Amino acid sequence: MAPSILEIDDLTMRFGGLTAIDRLSFKVERGEIHGLIGPNGAGKTTTFNVVSGFYKPTGGEVRLRGETISGLRMYEVARRGVVRTFQHSTLCAELTVLENVLIGTHMSFPPNIFAAMAGVDKANRRAARARAEEALDFFGLAGLADELAGDLPHGHQRALGMAVALAARPDVVLLDEPFTGMNPEETRRMMELMVKLRNTGVTILLVEHDMHAIMGLCDRITCMSFGRLLAEGNPQEIRHHPDVIEAYLGGARHVA
Amino acid sequence: MPKLAALLGFGAILLALPHALSFSQQEILVFLTINVLLVASYRLLTLTGEWSLGHVVIMGVGAYASALLSKRLGIYVPAAMLLGAVTAAMIALALSFPLFRMKGFYFLIGSFAAGEIIRLLWKRFRDPFGGPKGLKKIDPMPDFDIGIYAFDFFEPVSYYYFALAVVGVSLWVMWRIERSPVGLTFHAVHWQDRLAEASGVNVRAYRTLAFVLASGFAGLSGALLAHYIGTINPNSFDVEQMVFVLTWTIVGGTATFYGPILGCVVLTILNEIVLREAGFEQMRPLIYGLILILSVLFMPKGLESLVRGAFSWRNARKKKAGETGAAG
Ligand SMILES: Nc1ncnc2c1ncn2[C@@H]1O[C@H](COP(=O)(O)OP(=O)(O)O)[C@@H](O)[C@H]1O
Ligand SMILES: [Mg+2]
């Protein structure tokens, strides 16, 4: 059997005395939407930071298509096809929406300094622009291309963050709480887009607090608490898992 | 094409300018032209967010290299100038390995230390650098004739035209780099390095690229200087010069391409014409320090913000005039 596209294997991340991730293992299958849930401070963002190469793990490893990627730098992980978004909007506020997405096209259309000086990179620039516009179109931001990113409402900024990530045409995207700041209508539209994206073959690892969105979207869910694996399964199993209910609601009967 | 007309008009003014000046003012104009290249290259460096205190020493590397290559190896001066620029870029590349392990304040201190080490080497090694006395009798630019104009480099006007052409082309190249996808990546590396890196940008490589390019242009400005004044020594590139570059950059502002250039031009005019004529020459560092502090306090976005303010005010007025015109 082919290895899972992403394998988190016995991962540990310590900050001084604090163990943010404690021997966590789970697998993400190709072409699935995989949810990563857990109470605040459970270690979800830290997991993203390790997988994307922002931190080197204290122990264990992360494998992409069987190849160890933990310990690589963030840009090296990105170049292997894993691109992330950030929990707090991380955009160039003083640049336009289009320019932000152009940053995301860096890997597909690498800038060439000599071609730029000689002015012979027109085709490359045009292709990058087309890719960026396509990504904006997908998220319904095409009409805002020339606005400054910092002027967008919060929900649109979240969508823009995803457009930047997807302009890179990644194999795996890590989305950290993409729906915060969106109203129910926007969330619903985003959920449709996530499904559309999954259907094009992109694997999505999703951290999200909106339980309704998580349950509606995910093929599989991993629930963690205090850095450890708590439960894993499909939405039905997770919804009724006693440990999950315990962790979230301190014993109330249902999640979401 | 009002833009083209404005550009041509500006070019004509630059060409006519020396003829309205005295001999000593013409000499100042040459230095100013060279300093414009230096300060513009400094802005290129700051695009990725790192401020160096070794930039003037890197300029000196270009000056020493070009002078030595023409003096010792008899290389044709314009070719030696280009090689001087390449040498400065190469030295910067070598320095980038230790320097870019540091960021921010530590980079600032590290770049200062690296510059002082280079200056020590110049002082220490009489051969080939001439020790504390430096290099003398550096080959001047050989005269040449392009048909419409005969360059006689004994005249500051000729050297001014030559420097103007070199600086003009350099600025144009830097401008193109800044407006290209490379420039966008520099910007992202400066303001959102995490986003850049998550998008696959090798942040360190881009910081190095900006540093090396900026150093190449600084080296070229040094070479222009060396073959003009004919003598250089380690003190030509000391920290006092660096303070001037910082002052021009900060007073002008770094948000736009023209900001630091504006700072350099305005402060040079102030310095050379106002201060020198008024006999305040001795107090130059003091006055520069004062200007720096005052501008940080009262004009934190630099002279460029005044220009931008004036333009948006004019545009707003135009728009208003258009609206009332349409209503009437
Ligand atoms: N860089 C860091 N240094 C120290 N502690 C950290 C760091 N990053 C995260 N933590 C800690 O790790 C734990 C997990 O945080 P995080 O991964 O952000 O949780 P989640 O995203 O699940 O809410 C928290 O206790 C947090 O304070
Ligand atoms: Mg988090």
# chains A, B, ... in the order shown; residues from 1 in each chain; ligands from 1

$ residues_near_ligand --ligand "ligand 1" --cutoff "9 Å" --atoms "only C-alpha atoms and all ligand atoms" --output "number ranges by chain"
A: 13-16, 18-21, 36-49, 55, 87, 176-177, 207, 224-227

$ write_last_selection --atoms "C-alpha atoms" --output "short mmCIF file (atom, residue, chain, number, x, y, z; two decimals), in the first residue's frame"
data_model
loop_
_atom_site.label_atom_id
_atom_site.label_comp_id
_atom_site.auth_asym_id
_atom_site.auth_seq_id
_atom_site.Cartn_x
_atom_site.Cartn_y
_atom_site.Cartn_z
CA MET A 13 7.56 19.50 20.77
CA ARG A 14 8.80 20.99 24.01
CA PHE A 15 9.26 24.68 24.81
CA GLY A 16 11.49 24.72 27.85
CA LEU A 18 6.20 22.95 28.52
CA THR A 19 5.31 20.00 26.31
CA ALA A 20 3.08 21.47 23.60
CA ILE A 21 2.94 18.24 21.58
CA LEU A 36 -7.56 18.68 13.68
CA ILE A 37 -9.57 19.76 16.70
CA GLY A 38 -9.06 20.26 20.39
CA PRO A 39 -9.58 22.83 23.12
CA ASN A 40 -7.57 26.05 23.15
CA GLY A 41 -3.92 25.41 23.89
CA ALA A 42 -4.16 21.77 22.81
CA GLY A 43 -1.22 22.20 20.45
CA LYS A 44 -2.94 22.43 17.06
CA THR A 45 -1.11 25.53 15.85
CA THR A 46 2.14 24.12 17.19
CA THR A 47 1.50 20.95 15.18
CA PHE A 48 1.07 23.12 12.07
CA ASN A 49 4.26 24.98 12.93
CA TYR A 55 9.78 24.65 14.30
CA GLN A 87 -4.11 31.61 12.53
CA ASP A 176 -5.41 27.30 10.69
CA GLU A 177 -8.87 28.50 11.74
CA VAL A 207 -7.91 23.40 12.27
CA MET A 224 -6.06 16.35 20.58
CA SER A 225 -5.91 17.64 24.12
CA PHE A 226 -2.89 18.85 26.09
CA GLY A 227 -0.66 17.92 23.18
#

$ interface_residues --of "chain B" --to "chain A" --cutoff "7 Å" --atoms "only C-alpha atoms" --output "PDB file with C-alpha atoms, in the first residue's frame"
ATOM      1  CA  VAL B 173      18.381  49.065 -13.352  1.00  0.00           C
ATOM      2  CA  ARG B 176      13.424  47.886 -12.688  1.00  0.00           C
ATOM      3  CA  ILE B 177      14.533  45.412 -10.038  1.00  0.00           C
ATOM      4  CA  SER B 180       9.818  43.416 -10.743  1.00  0.00           C
ATOM      5  CA  PRO B 181       8.672  40.214  -9.005  1.00  0.00           C
ATOM      6  CA  VAL B 182      12.105  40.233  -7.352  1.00  0.00           C
ATOM      7  CA  THR B 185       9.691  39.324  -2.986  1.00  0.00           C
ATOM      8  CA  ALA B 188       7.499  40.357   1.393  1.00  0.00           C
ATOM      9  CA  TRP B 191       7.343  42.920   6.008  1.00  0.00           C
ATOM     10  CA  GLN B 192       6.012  39.354   6.253  1.00  0.00           C
ATOM     11  CA  LEU B 195       4.295  34.532   4.679  1.00  0.00           C
ATOM     12  CA  ALA B 196       7.171  34.719   2.207  1.00  0.00           C
ATOM     13  CA  GLU B 197       8.780  31.600   3.566  1.00  0.00           C
ATOM     14  CA  ALA B 198       5.482  29.713   3.633  1.00  0.00           C
ATOM     15  CA  SER B 199       5.168  30.670  -0.051  1.00  0.00           C
ATOM     16  CA  GLY B 200       8.478  28.969  -0.772  1.00  0.00           C
ATOM     17  CA  VAL B 201      10.746  32.007  -0.664  1.00  0.00           C
ATOM     18  CA  ASN B 202      14.282  31.316   0.531  1.00  0.00           C
TER      19      ASN B 202
END

$ residues_around --residues "Trp175 in chain B" --least-positions-apart "3" --cutoff "10 Å" --atoms "only C-alpha atoms" --output "ChimeraX atom specification"
/A:117 /B:40,44,169-172,178-180,183,257-258

$ write_last_selection --atoms "all heavy atoms" --output "tab-separated table (two decimals), in the first residue's frame"
chain	number	residue	atom	x	y	z
A	117	MET	N	15.90	42.55	-15.07
A	117	MET	CA	16.71	43.70	-15.47
A	117	MET	C	16.63	43.93	-16.97
A	117	MET	O	16.54	45.05	-17.44
A	117	MET	CB	18.18	43.46	-15.08
A	117	MET	CG	18.48	43.68	-13.63
A	117	MET	SD	20.27	43.76	-13.42
A	117	MET	CE	20.56	42.49	-12.25
B	40	ALA	N	21.12	55.56	-3.25
B	40	ALA	CA	20.09	54.73	-3.89
B	40	ALA	C	20.42	53.25	-3.69
B	40	ALA	O	19.52	52.43	-3.47
B	40	ALA	CB	19.99	55.05	-5.38
B	44	LEU	N	18.30	50.09	-1.75
B	44	LEU	CA	18.11	48.73	-2.26
B	44	LEU	C	18.41	47.71	-1.16
B	44	LEU	O	17.70	46.73	-0.98
B	44	LEU	CB	19.03	48.52	-3.48
B	44	LEU	CG	19.07	47.13	-4.11
B	44	LEU	CD1	17.68	46.69	-4.55
B	44	LEU	CD2	20.00	47.12	-5.32
B	169	VAL	N	22.01	54.99	-15.62
B	169	VAL	CA	21.76	53.59	-15.99
B	169	VAL	C	21.60	52.73	-14.74
B	169	VAL	O	20.69	51.89	-14.66
B	169	VAL	CB	22.91	53.04	-16.88
B	169	VAL	CG1	22.79	51.54	-17.06
B	169	VAL	CG2	22.91	53.74	-18.23
B	170	SER	N	22.44	52.98	-13.74
B	170	SER	CA	22.36	52.19	-12.50
B	170	SER	C	21.00	52.38	-11.82
B	170	SER	O	20.38	51.41	-11.38
B	170	SER	CB	23.47	52.60	-11.53
B	170	SER	OG	24.72	52.41	-12.12
B	171	LEU	N	20.55	53.63	-11.74
B	171	LEU	CA	19.26	53.90	-11.10
B	171	LEU	C	18.14	53.22	-11.86
B	171	LEU	O	17.22	52.66	-11.26
B	171	LEU	CB	18.99	55.41	-11.03
B	171	LEU	CG	19.87	56.24	-10.12
B	171	LEU	CD1	19.35	57.68	-10.06
B	171	LEU	CD2	19.94	55.67	-8.73
B	172	TRP	N	18.26	53.26	-13.18
B	172	TRP	CA	17.22	52.64	-14.01
B	172	TRP	C	17.17	51.13	-13.74
B	172	TRP	O	16.09	50.56	-13.59
B	172	TRP	CB	17.53	52.93	-15.48
B	172	TRP	CG	16.52	52.40	-16.43
B	172	TRP	CD1	15.26	52.87	-16.63
B	172	TRP	CD2	16.68	51.30	-17.33
B	172	TRP	NE1	14.62	52.13	-17.59
B	172	TRP	CE2	15.49	51.16	-18.04
B	172	TRP	CE3	17.74	50.44	-17.60
B	172	TRP	CZ2	15.30	50.17	-19.00
B	172	TRP	CZ3	17.56	49.46	-18.55
B	172	TRP	CH2	16.35	49.33	-19.25
B	178	GLU	N	13.31	46.84	-8.53
B	178	GLU	CA	12.33	47.09	-7.47
B	178	GLU	C	10.90	46.86	-7.95
B	178	GLU	O	10.06	46.37	-7.20
B	178	GLU	CB	12.49	48.52	-6.95
B	178	GLU	CG	11.70	48.73	-5.68
B	178	GLU	CD	11.90	50.11	-5.09
B	178	GLU	OE1	13.00	50.67	-5.26
B	178	GLU	OE2	10.96	50.61	-4.47
B	179	ARG	N	10.63	47.23	-9.19
B	179	ARG	CA	9.27	47.06	-9.72
B	179	ARG	C	9.00	45.67	-10.24
B	179	ARG	O	7.92	45.40	-10.77
B	179	ARG	CB	9.01	48.07	-10.85
B	179	ARG	CG	9.23	49.50	-10.49
B	179	ARG	CD	8.57	49.95	-9.22
B	179	ARG	NE	7.12	50.09	-9.23
B	179	ARG	CZ	6.44	51.07	-9.79
B	179	ARG	NH1	7.04	52.01	-10.41
B	179	ARG	NH2	5.15	51.14	-9.72
B	180	SER	N	9.97	44.76	-10.18
B	180	SER	CA	9.82	43.42	-10.74
B	180	SER	C	9.33	42.46	-9.65
B	180	SER	O	9.26	42.81	-8.48
B	180	SER	CB	11.16	42.94	-11.28
B	180	SER	OG	11.99	42.54	-10.21
B	183	GLY	N	11.49	42.51	-6.72
B	183	GLY	CA	11.23	43.59	-5.78
B	183	GLY	C	10.06	43.27	-4.85
B	183	GLY	O	10.10	43.56	-3.66
B	257	PHE	N	11.41	55.13	-3.91
B	257	PHE	CA	12.70	55.05	-4.58
B	257	PHE	C	13.43	56.39	-4.48
B	257	PHE	O	14.64	56.44	-4.29
B	257	PHE	CB	12.44	54.70	-6.05
B	257	PHE	CG	13.69	54.41	-6.83
B	257	PHE	CD1	14.32	53.18	-6.73
B	257	PHE	CD2	14.22	55.37	-7.68
B	257	PHE	CE1	15.46	52.91	-7.46
B	257	PHE	CE2	15.36	55.10	-8.42
B	257	PHE	CZ	15.98	53.87	-8.30
B	258	TYR	N	12.68	57.48	-4.62
B	258	TYR	CA	13.33	58.78	-4.70
B	258	TYR	C	13.63	59.40	-3.33
B	258	TYR	O	14.38	60.36	-3.24
B	258	TYR	CB	12.50	59.75	-5.55
B	258	TYR	CG	11.12	60.03	-5.00
B	258	TYR	CD1	10.93	60.95	-3.98
B	258	TYR	CD2	10.00	59.38	-5.49
B	258	TYR	CE1	9.68	61.22	-3.46
B	258	TYR	CE2	8.74	59.63	-4.98
B	258	TYR	CZ	8.58	60.54	-3.97
B	258	TYR	OH	7.34	60.78	-3.44

$ select_by_dssp --residues "range 179-325 of chain B" --states "helix (DSSP H, G or I)" --output "count of residues only"
124

$ residues_around --residues "Ala113 in chain B" --least-positions-apart "3" --cutoff "12 Å" --atoms "only C-alpha atoms" --output "MDAnalysis selection string"
chainID B and resid 52:55 57 95 98:99 106:110 116:120 239

$ residues_around --residues "Ile5 in chain A" --least-positions-apart "6" --cutoff "6 Å" --atoms "only C-alpha atoms" --output "list in words"
Glu29, Arg30, Leu64 and Arg65 of chain A

$ select_by_dssp --residues "range 10-196 of chain A" --states "strand (DSSP E)" --output "ChimeraX atom specification"
/A:10-15,18-28,33-37,59-64,67-68,82-84,172-176

$ residues_around --residues "Val244 in chain A" --least-positions-apart "4" --cutoff "8 Å" --atoms "only C-alpha atoms" --output "PyMOL selection string"
chain A and resi 223+230-231+238-240+248+255

$ write_last_selection --atoms "N, CA, C and O atoms" --output "PDB file, in the first residue's frame"
ATOM      1  N   CYS A 223      -8.669  14.444  17.175  1.00  0.00           N
ATOM      2  CA  CYS A 223      -8.903  15.347  18.292  1.00  0.00           C
ATOM      3  C   CYS A 223      -7.738  15.233  19.259  1.00  0.00           C
ATOM      4  O   CYS A 223      -7.324  14.134  19.624  1.00  0.00           O
ATOM      5  N   LEU A 230      -6.298  12.387  21.421  1.00  0.00           N
ATOM      6  CA  LEU A 230      -7.419  12.028  22.279  1.00  0.00           C
ATOM      7  C   LEU A 230      -8.312  11.001  21.587  1.00  0.00           C
ATOM      8  O   LEU A 230      -8.704  10.007  22.166  1.00  0.00           O
ATOM      9  N   ALA A 231      -8.615  11.281  20.331  1.00  0.00           N
ATOM     10  CA  ALA A 231      -9.495  10.372  19.596  1.00  0.00           C
ATOM     11  C   ALA A 231      -9.318  10.599  18.111  1.00  0.00           C
ATOM     12  O   ALA A 231      -8.886  11.662  17.686  1.00  0.00           O
ATOM     13  N   ILE A 238     -16.446  10.870  16.184  1.00  0.00           N
ATOM     14  CA  ILE A 238     -15.895  11.919  17.034  1.00  0.00           C
ATOM     15  C   ILE A 238     -17.012  12.603  17.828  1.00  0.00           C
ATOM     16  O   ILE A 238     -16.886  12.868  19.023  1.00  0.00           O
ATOM     17  N   ARG A 239     -18.119  12.835  17.162  1.00  0.00           N
ATOM     18  CA  ARG A 239     -19.231  13.532  17.806  1.00  0.00           C
ATOM     19  C   ARG A 239     -19.709  12.799  19.059  1.00  0.00           C
ATOM     20  O   ARG A 239     -20.104  13.420  20.033  1.00  0.00           O
ATOM     21  N   HIS A 240     -19.650  11.464  19.017  1.00  0.00           N
ATOM     22  CA  HIS A 240     -20.188  10.698  20.138  1.00  0.00           C
ATOM     23  C   HIS A 240     -19.110  10.121  21.038  1.00  0.00           C
ATOM     24  O   HIS A 240     -19.410   9.364  21.952  1.00  0.00           O
ATOM     25  N   TYR A 248     -14.308  18.754  25.621  1.00  0.00           N
ATOM     26  CA  TYR A 248     -14.906  20.007  25.171  1.00  0.00           C
ATOM     27  C   TYR A 248     -15.879  20.591  26.152  1.00  0.00           C
ATOM     28  O   TYR A 248     -15.902  21.772  26.418  1.00  0.00           O
ATOM     29  N   VAL A 255     -21.339  17.005  21.242  1.00  0.00           N
ATOM     30  CA  VAL A 255     -20.481  18.043  20.677  1.00  0.00           C
ATOM     31  C   VAL A 255     -21.202  18.614  19.468  1.00  0.00           C
ATOM     32  O   VAL A 255     -21.718  17.869  18.668  1.00  0.00           O
TER      33      VAL A 255
END

$ closest_residue --among "A:Leu206, A:Leu144, A:Leu152, A:Leu136" --to "ligand 2" --atoms "only C-alpha atoms and all ligand atoms"
A:Leu206

$ residues_around --residues "Pro178 in chain A" --least-positions-apart "4" --cutoff "12 Å" --atoms "only C-alpha atoms" --output "PyMOL selection string"
chain A and resi 84-90+154-163+165+173-174+182-183+186-187+190-191+194+204-210+213-214

$ closest_atom_pairs --of "range 22-128 of chain B" --to "range 211-228 of chain B" --cutoff "10 Å" --atoms "only C-alpha atoms" --output "CSV"
residue,atom,partner,partner_atom,distance
B:Glu27,CA,B:Tyr228,CA,9.6
B:Val30,CA,B:Tyr228,CA,8.6
B:Phe31,CA,B:Leu225,CA,7.4
B:Thr33,CA,B:Ser221,CA,9.1
B:Ile34,CA,B:Ser221,CA,5.5
B:Asn35,CA,B:Ser221,CA,7.2
B:Val36,CA,B:Ser221,CA,8.8
B:Leu37,CA,B:Ser221,CA,6.1
B:Leu38,CA,B:Ala218,CA,5.2
B:Val39,CA,B:Ala218,CA,8.3
B:Ala40,CA,B:Ala214,CA,8.5
B:Ser41,CA,B:Ala214,CA,4.8
B:Tyr42,CA,B:Ala214,CA,6.3
B:Arg43,CA,B:Ala214,CA,8.0
B:Leu44,CA,B:Ala214,CA,5.7
B:Leu45,CA,B:Phe211,CA,5.3
B:Thr46,CA,B:Phe211,CA,8.5
B:Leu47,CA,B:Phe211,CA,9.5
B:Thr48,CA,B:Phe211,CA,8.7
B:Glu50,CA,B:Phe211,CA,8.7
B:Trp51,CA,B:Phe211,CA,9.8
B:Ser52,CA,B:Phe211,CA,9.1
B:Gly54,CA,B:Ser215,CA,9.7
B:His55,CA,B:Ser215,CA,7.1
B:Val56,CA,B:Ala218,CA,7.5
B:Val57,CA,B:Gly219,CA,9.0
B:Ile58,CA,B:Gly219,CA,6.1
B:Met59,CA,B:Gly219,CA,4.3
B:Gly60,CA,B:Gly222,CA,5.5
B:Val61,CA,B:Gly219,CA,6.2
B:Gly62,CA,B:Gly219,CA,3.7
B:Ala63,CA,B:Ala223,CA,4.1
B:Tyr64,CA,B:Ala223,CA,7.5
B:Ala65,CA,B:Ala223,CA,7.8
B:Ser66,CA,B:Ala223,CA,5.6
B:Ala67,CA,B:Ala226,CA,6.6
B:Ser70,CA,B:His227,CA,9.7
B:Val77,CA,B:His227,CA,8.1
B:Pro78,CA,B:Ala223,CA,9.1
B:Ala80,CA,B:Ala223,CA,8.2
B:Met81,CA,B:Ala223,CA,5.2
B:Leu82,CA,B:Leu220,CA,6.6
B:Leu83,CA,B:Leu220,CA,8.6
B:Gly84,CA,B:Gly219,CA,6.1
B:Ala85,CA,B:Gly219,CA,4.3
B:Val86,CA,B:Gly216,CA,5.8
B:Thr87,CA,B:Gly216,CA,7.6
B:Ala88,CA,B:Gly219,CA,5.1
B:Ala89,CA,B:Gly216,CA,4.4
B:Met90,CA,B:Val212,CA,7.2
B:Ile91,CA,B:Val212,CA,8.4
B:Ala92,CA,B:Val212,CA,5.5
B:Leu93,CA,B:Val212,CA,5.8
B:Ala94,CA,B:Val212,CA,9.4
B:Leu95,CA,B:Val212,CA,9.5
B:Ser96,CA,B:Phe211,CA,7.7
B:Phe100,CA,B:Phe211,CA,9.9

$ atom_distance --atom1 "CA of Leu141 in chain A" --atom2 "CA of Thr200 in chain A"
19.9 Å

$ atom_distance --atom1 "CA of Asp10 in chain A" --atom2 "CA of Leu24 in chain A"
5.0 Å

$ closest_residue --among "A:Met215, A:Ala149, A:Leu175, A:Ile245" --to "ligand 2" --atoms "only C-alpha atoms and all ligand atoms"
A:Leu175

$ atom_distance --atom1 "CA of Gly59 in chain A" --atom2 "CA of Gly17 in chain A"
14.5 Å
